[in-house]
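Below is one structure; the comments refer to it alone.
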Amino acid sequence: MIARGFRFKLEPLPEQEALFRQFAGVCRLVYNLGLEQKATWGRKHRLGYVAQAADLTRLRSEFEWVRAVYVSCQQQALRDLDRAFQNFFAGRASFPRPRKRGVDDSFRFPGREAAVKPMNAKWSAVRLPKIGWVKFRDTRPMRGVLKNVTVSNDALGWHIAFTCEIDHEATAPNPEAVGIDRGVATTLALSTGEMLTLPASLERIEAQKRQAQRVVARRKRGSNRRRRAQARVARLQARQARIRRDFHHRAALDIAKRFGVAVLEDLKTRGMTASAKGTVAEPGRNVRQKAGLNRVILNAGWHQFATILTYKVEERGGQVVSVPARFTSQTCAACGVVDARSRESQAVFTCISCGHSDHADTNAAINIKRRWNTPLLDVEGSHQRPVEASTGRDLTVSENPLPSGRGRC
């Protein structure tokens, strides 16, 4: 069994949209009250989901406006809080933060309490308790058993996400492996020589967003005109995110269908995109240039692509492997010589030893793929200590040393 989500655009009536905001506001309040309760009394009392659900019952009996919102949505908020604290104590996440209006506008129903019916070829409707039937644009068929239904709001409007459990048996994985180099000028370069780049529409929207941000800067704080200008910026950012996510899904699906092993560099994106501003005592250098590079790296969405690729490949019985990223762009894929002078430019790699020439990103992708089978790295005349390639499940992939005759000593 695997879980999959199906997200659609809702078309609520004005009165239904008002109910959406009421549901989201009360669920956000219940979550924040539970968070404050745990932060204040959690060390002295064992406040788990059961104890807080009992307190919720007393809260609903005292306040009519809390009781007006469906109880399961509020219980789901408490379950989210309990899971957030479990992740915190397990070291998987930071301390839970309060939910904010305009950021966490969502609520969830158990799947058994909702129903879906088709209306025509393009539209369907979902029945939500205490809200009624709400239309949504049906763009693809759903599969599996419905487990929960989440209604959320963003800059582009209200959406609904159906989480379903699907019977799935992984087929025999494809024996082929591919190395993938994630870059800036070329978003994805495969060891097969293929290159994938983010759609050009992202650059056009980025220019529109910068212009809209300048408008926001000229508006008076707290004014309605400023809020409208901020809403336009948010819509443009949401459009960018959708285009980027669609590109990642399409690229990952194509790779997952063709290859059984996808090899990626183990990139620390957070460190790579850290500010170069420095301190007052020791100010940084090339701050503006570094800020521009950080923006381009974050726009490429390297981490999001790795997450999407992992579940698509594993769904088909394959695996995604991480290998060390050191010197992949300076190593010759033909003879193994490591020299920074071989990287002539952003796009050109010409080995100073054997003369091998290739696109720099393709050369790096071939080296990435090779490190999955030969994880020992030759650098500057001496063999590096063997390192193990790792997957998301911390499995050892290979421990075979590189043949001693390979590379330049």
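Letters A, B, ... mark the chains of the structure tokens in the order given; residue numbers begin at 1 per chain; ligand numbers begin at 1, in order shown.
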
* Contacts of Thr197 (chain A) within 7 Å, only C-alpha atoms, excl. fewer than 4 positions in-chain, as a VMD selection string -> chain A and resid 186 to 188

* Hey, what does DSSP flag as helix (DSSP H, G or I) within region 75-205 of chain A? Can you give it to me as a PyMOL selection string? -> chain A and resi 75-89+111-113+201-205

* **Close residues, region 292-304 of chain A itself excluded, 8 Å, only C-alpha atoms, min 4 positions apart in chain, as a ChimeraX atom specification** => /A:182-184,187,198,244-245,248,269,272-275,288,308

At a cut-off of 12 Å, using only C-alpha atoms, what residues contact Val103 (chain A)? Leave out same-chain residues fewer than 6 positions from it and give the result as a PDB file with N, CA and C atoms, in the first residue's frame.
ATOM      1  N   ALA A  24     -11.058  27.240   9.248  1.00  0.00           N
ATOM      2  CA  ALA A  24      -9.602  27.376   9.347  1.00  0.00           C
ATOM      3  C   ALA A  24      -9.218  28.176  10.580  1.00  0.00           C
ATOM      4  N   GLY A  25      -9.969  29.228  10.898  1.00  0.00           N
ATOM      5  CA  GLY A  25      -9.645  30.050  12.057  1.00  0.00           C
ATOM      6  C   GLY A  25      -9.816  29.312  13.368  1.00  0.00           C
ATOM      7  N   ARG A  28      -7.120  26.646  13.715  1.00  0.00           N
ATOM      8  CA  ARG A  28      -5.850  27.293  14.051  1.00  0.00           C
ATOM      9  C   ARG A  28      -5.828  27.684  15.530  1.00  0.00           C
ATOM     10  N   SER A 152      -7.325  23.770   1.868  1.00  0.00           N
ATOM     11  CA  SER A 152      -6.291  24.762   2.185  1.00  0.00           C
ATOM     12  C   SER A 152      -6.434  25.974   1.275  1.00  0.00           C
ATOM     13  N   ASN A 153      -5.882  27.069   1.741  1.00  0.00           N
ATOM     14  CA  ASN A 153      -5.955  28.324   0.997  1.00  0.00           C
ATOM     15  C   ASN A 153      -4.551  28.851   0.732  1.00  0.00           C
ATOM     16  N   ASP A 154      -4.319  29.324  -0.489  1.00  0.00           N
ATOM     17  CA  ASP A 154      -3.070  30.006  -0.805  1.00  0.00           C
ATOM     18  C   ASP A 154      -3.390  31.219  -1.657  1.00  0.00           C
ATOM     19  N   ALA A 155      -2.357  31.820  -2.236  1.00  0.00           N
ATOM     20  CA  ALA A 155      -2.557  33.054  -2.993  1.00  0.00           C
ATOM     21  C   ALA A 155      -3.415  32.853  -4.231  1.00  0.00           C
ATOM     22  N   ALA A 234       2.223  37.723  -3.864  1.00  0.00           N
ATOM     23  CA  ALA A 234       1.986  36.348  -3.412  1.00  0.00           C
ATOM     24  C   ALA A 234       1.448  35.477  -4.540  1.00  0.00           C
TER      25      ALA A 234
END

* To do: From a DSSP calculation on the backbone, collect every residue of region 195-313 of chain A in strand (DSSP E) and output the set as a PyMOL selection string.
  => chain A and resi 195-196+261-265

Taking N, CA and C atoms for each residue, export the selection above as an mmCIF file, in the first residue's frame.
data_model
loop_
_atom_site.group_PDB
_atom_site.id
_atom_site.type_symbol
_atom_site.label_atom_id
_atom_site.label_comp_id
_atom_site.auth_asym_id
_atom_site.auth_seq_id
_atom_site.Cartn_x
_atom_site.Cartn_y
_atom_site.Cartn_z
ATOM 1 N N MET A 195 19.950 17.288 -21.092
ATOM 2 C CA MET A 195 19.957 18.470 -20.222
ATOM 3 C C MET A 195 18.553 19.027 -20.125
ATOM 4 N N LEU A 196 18.137 19.309 -18.907
ATOM 5 C CA LEU A 196 16.803 19.830 -18.648
ATOM 6 C C LEU A 196 16.940 21.168 -17.934
ATOM 7 N N VAL A 261 18.202 3.138 -10.819
ATOM 8 C CA VAL A 261 19.038 3.800 -9.815
ATOM 9 C C VAL A 261 19.321 5.210 -10.300
ATOM 10 N N ALA A 262 19.032 6.183 -9.460
ATOM 11 C CA ALA A 262 19.348 7.576 -9.743
ATOM 12 C C ALA A 262 20.384 8.040 -8.730
ATOM 13 N N VAL A 263 21.502 8.530 -9.209
ATOM 14 C CA VAL A 263 22.616 8.928 -8.347
ATOM 15 C C VAL A 263 22.699 10.450 -8.314
ATOM 16 N N LEU A 264 22.635 11.008 -7.111
ATOM 17 C CA LEU A 264 22.694 12.456 -6.905
ATOM 18 C C LEU A 264 23.881 12.805 -6.023
ATOM 19 N N GLU A 265 24.333 14.042 -6.133
ATOM 20 C CA GLU A 265 25.342 14.546 -5.206
ATOM 21 C C GLU A 265 24.697 14.843 -3.851
#

* Compare A:Lys369, A:His356, A:Arg79, A:Lys277 by their minimum atom-to-atom distance to Val321 (chain A), counting only C-alpha atoms, and give me the closest one. =>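 For Val321 (chain A), the nearest of the given residues is A:Lys369.
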
* Asked: How many Å separate CA of Asp138 (chain A) from CA of Lys122 (chain A)?
  ->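 These two atoms are separated by 5.4 Å.
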
Can you pull out every residue within 12 Å of region 59-64 of chain A, counting only C-alpha atoms, but drop anything in the same chain fewer than 2 positions away, and send it as a CSV table (one decimal) with N, CA and C atoms, in the first residue's frame?
chain,number,residue,atom,x,y,z
A,26,VAL,N,-10.9,28.5,13.5
A,26,VAL,CA,-11.1,27.8,14.8
A,26,VAL,C,-10.1,26.7,14.9
A,29,LEU,N,-7.0,28.2,16.0
A,29,LEU,CA,-7.0,28.5,17.5
A,29,LEU,C,-6.9,27.3,18.4
A,30,VAL,N,-7.5,26.2,18.0
A,30,VAL,CA,-7.4,25.0,18.8
A,30,VAL,C,-6.0,24.5,18.8
A,33,LEU,N,-3.9,26.9,21.1
A,33,LEU,CA,-4.2,26.7,22.5
A,33,LEU,C,-3.6,25.4,23.0
A,34,GLY,N,-3.7,24.4,22.2
A,34,GLY,CA,-3.0,23.1,22.6
A,34,GLY,C,-1.5,23.3,22.7
A,52,GLN,N,-5.9,16.2,25.7
A,52,GLN,CA,-6.3,17.5,25.0
A,52,GLN,C,-7.6,17.3,24.3
A,53,ALA,N,-8.0,16.2,23.8
A,53,ALA,CA,-9.3,16.0,23.2
A,53,ALA,C,-10.4,16.1,24.2
A,54,ALA,N,-10.1,15.6,25.4
A,54,ALA,CA,-11.1,15.8,26.5
A,54,ALA,C,-11.3,17.3,26.8
A,55,ASP,N,-10.2,18.1,26.9
A,55,ASP,CA,-10.3,19.5,27.1
A,55,ASP,C,-11.0,20.2,25.9
A,56,LEU,N,-10.9,19.7,24.7
A,56,LEU,CA,-11.6,20.2,23.6
A,56,LEU,C,-13.1,20.1,23.7
A,57,THR,N,-13.5,18.9,24.3
A,57,THR,CA,-14.9,18.7,24.5
A,57,THR,C,-15.5,19.7,25.5
A,66,VAL,N,-17.2,27.9,18.7
A,66,VAL,CA,-16.2,26.7,18.6
A,66,VAL,C,-17.0,25.5,18.2
A,67,ARG,N,-18.2,25.3,18.8
A,67,ARG,CA,-19.0,24.2,18.5
A,67,ARG,C,-19.6,24.2,17.1
A,68,ALA,N,-19.7,25.4,16.5
A,68,ALA,CA,-20.2,25.5,15.2
A,68,ALA,C,-19.3,24.8,14.1
A,69,VAL,N,-18.0,24.7,14.4
A,69,VAL,CA,-17.1,24.0,13.5
A,69,VAL,C,-17.1,22.5,13.8
A,70,TYR,N,-17.0,21.8,12.7
A,70,TYR,CA,-17.1,20.3,12.8
A,70,TYR,C,-16.0,19.8,13.8
A,71,VAL,N,-16.3,18.9,14.7
A,71,VAL,CA,-15.4,18.4,15.7
A,71,VAL,C,-14.2,17.7,15.1
A,74,GLN,N,-11.2,19.9,14.3
A,74,GLN,CA,-10.5,20.3,15.5
A,74,GLN,C,-9.7,19.2,16.1
A,75,GLN,N,-10.2,18.0,16.1
A,75,GLN,CA,-9.4,16.8,16.5
A,75,GLN,C,-8.2,16.6,15.6

* Enter the distance from CA of Arg316 (chain A) to CA of Pro110 (chain A), in Å, rounded to one decimal. =>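 Going from CA of Arg316 (chain A) over to CA of Pro110 (chain A) covers 28.4 Å.
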
* Counting only C-alpha atoms, the residue of A:Gln86, A:Ser94, A:Ser223, A:Ser353 that sits nearest Gly336 (chain A) ->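 Closest to Gly336 (chain A) of all the choices is A:Ser353.
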
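Using only C-alpha atoms, the smallest distance between any of A:Thr139, A:Thr171, A:Asn367, A:Asn373 and Ser124 (chain A) comes from A:Thr139.
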
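Closest approach to Val178 (chain A) among A:Ala77, A:Leu10, A:Ala238, A:Ala365 is made by A:Ala365 (distances from only C-alpha atoms).
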
* Who sits within 10 Å of Gln346 (chain A), only C-alpha atoms, same chain under 5 positions skipped, as a ChimeraX atom specification -> /A:184-186,329,359-361
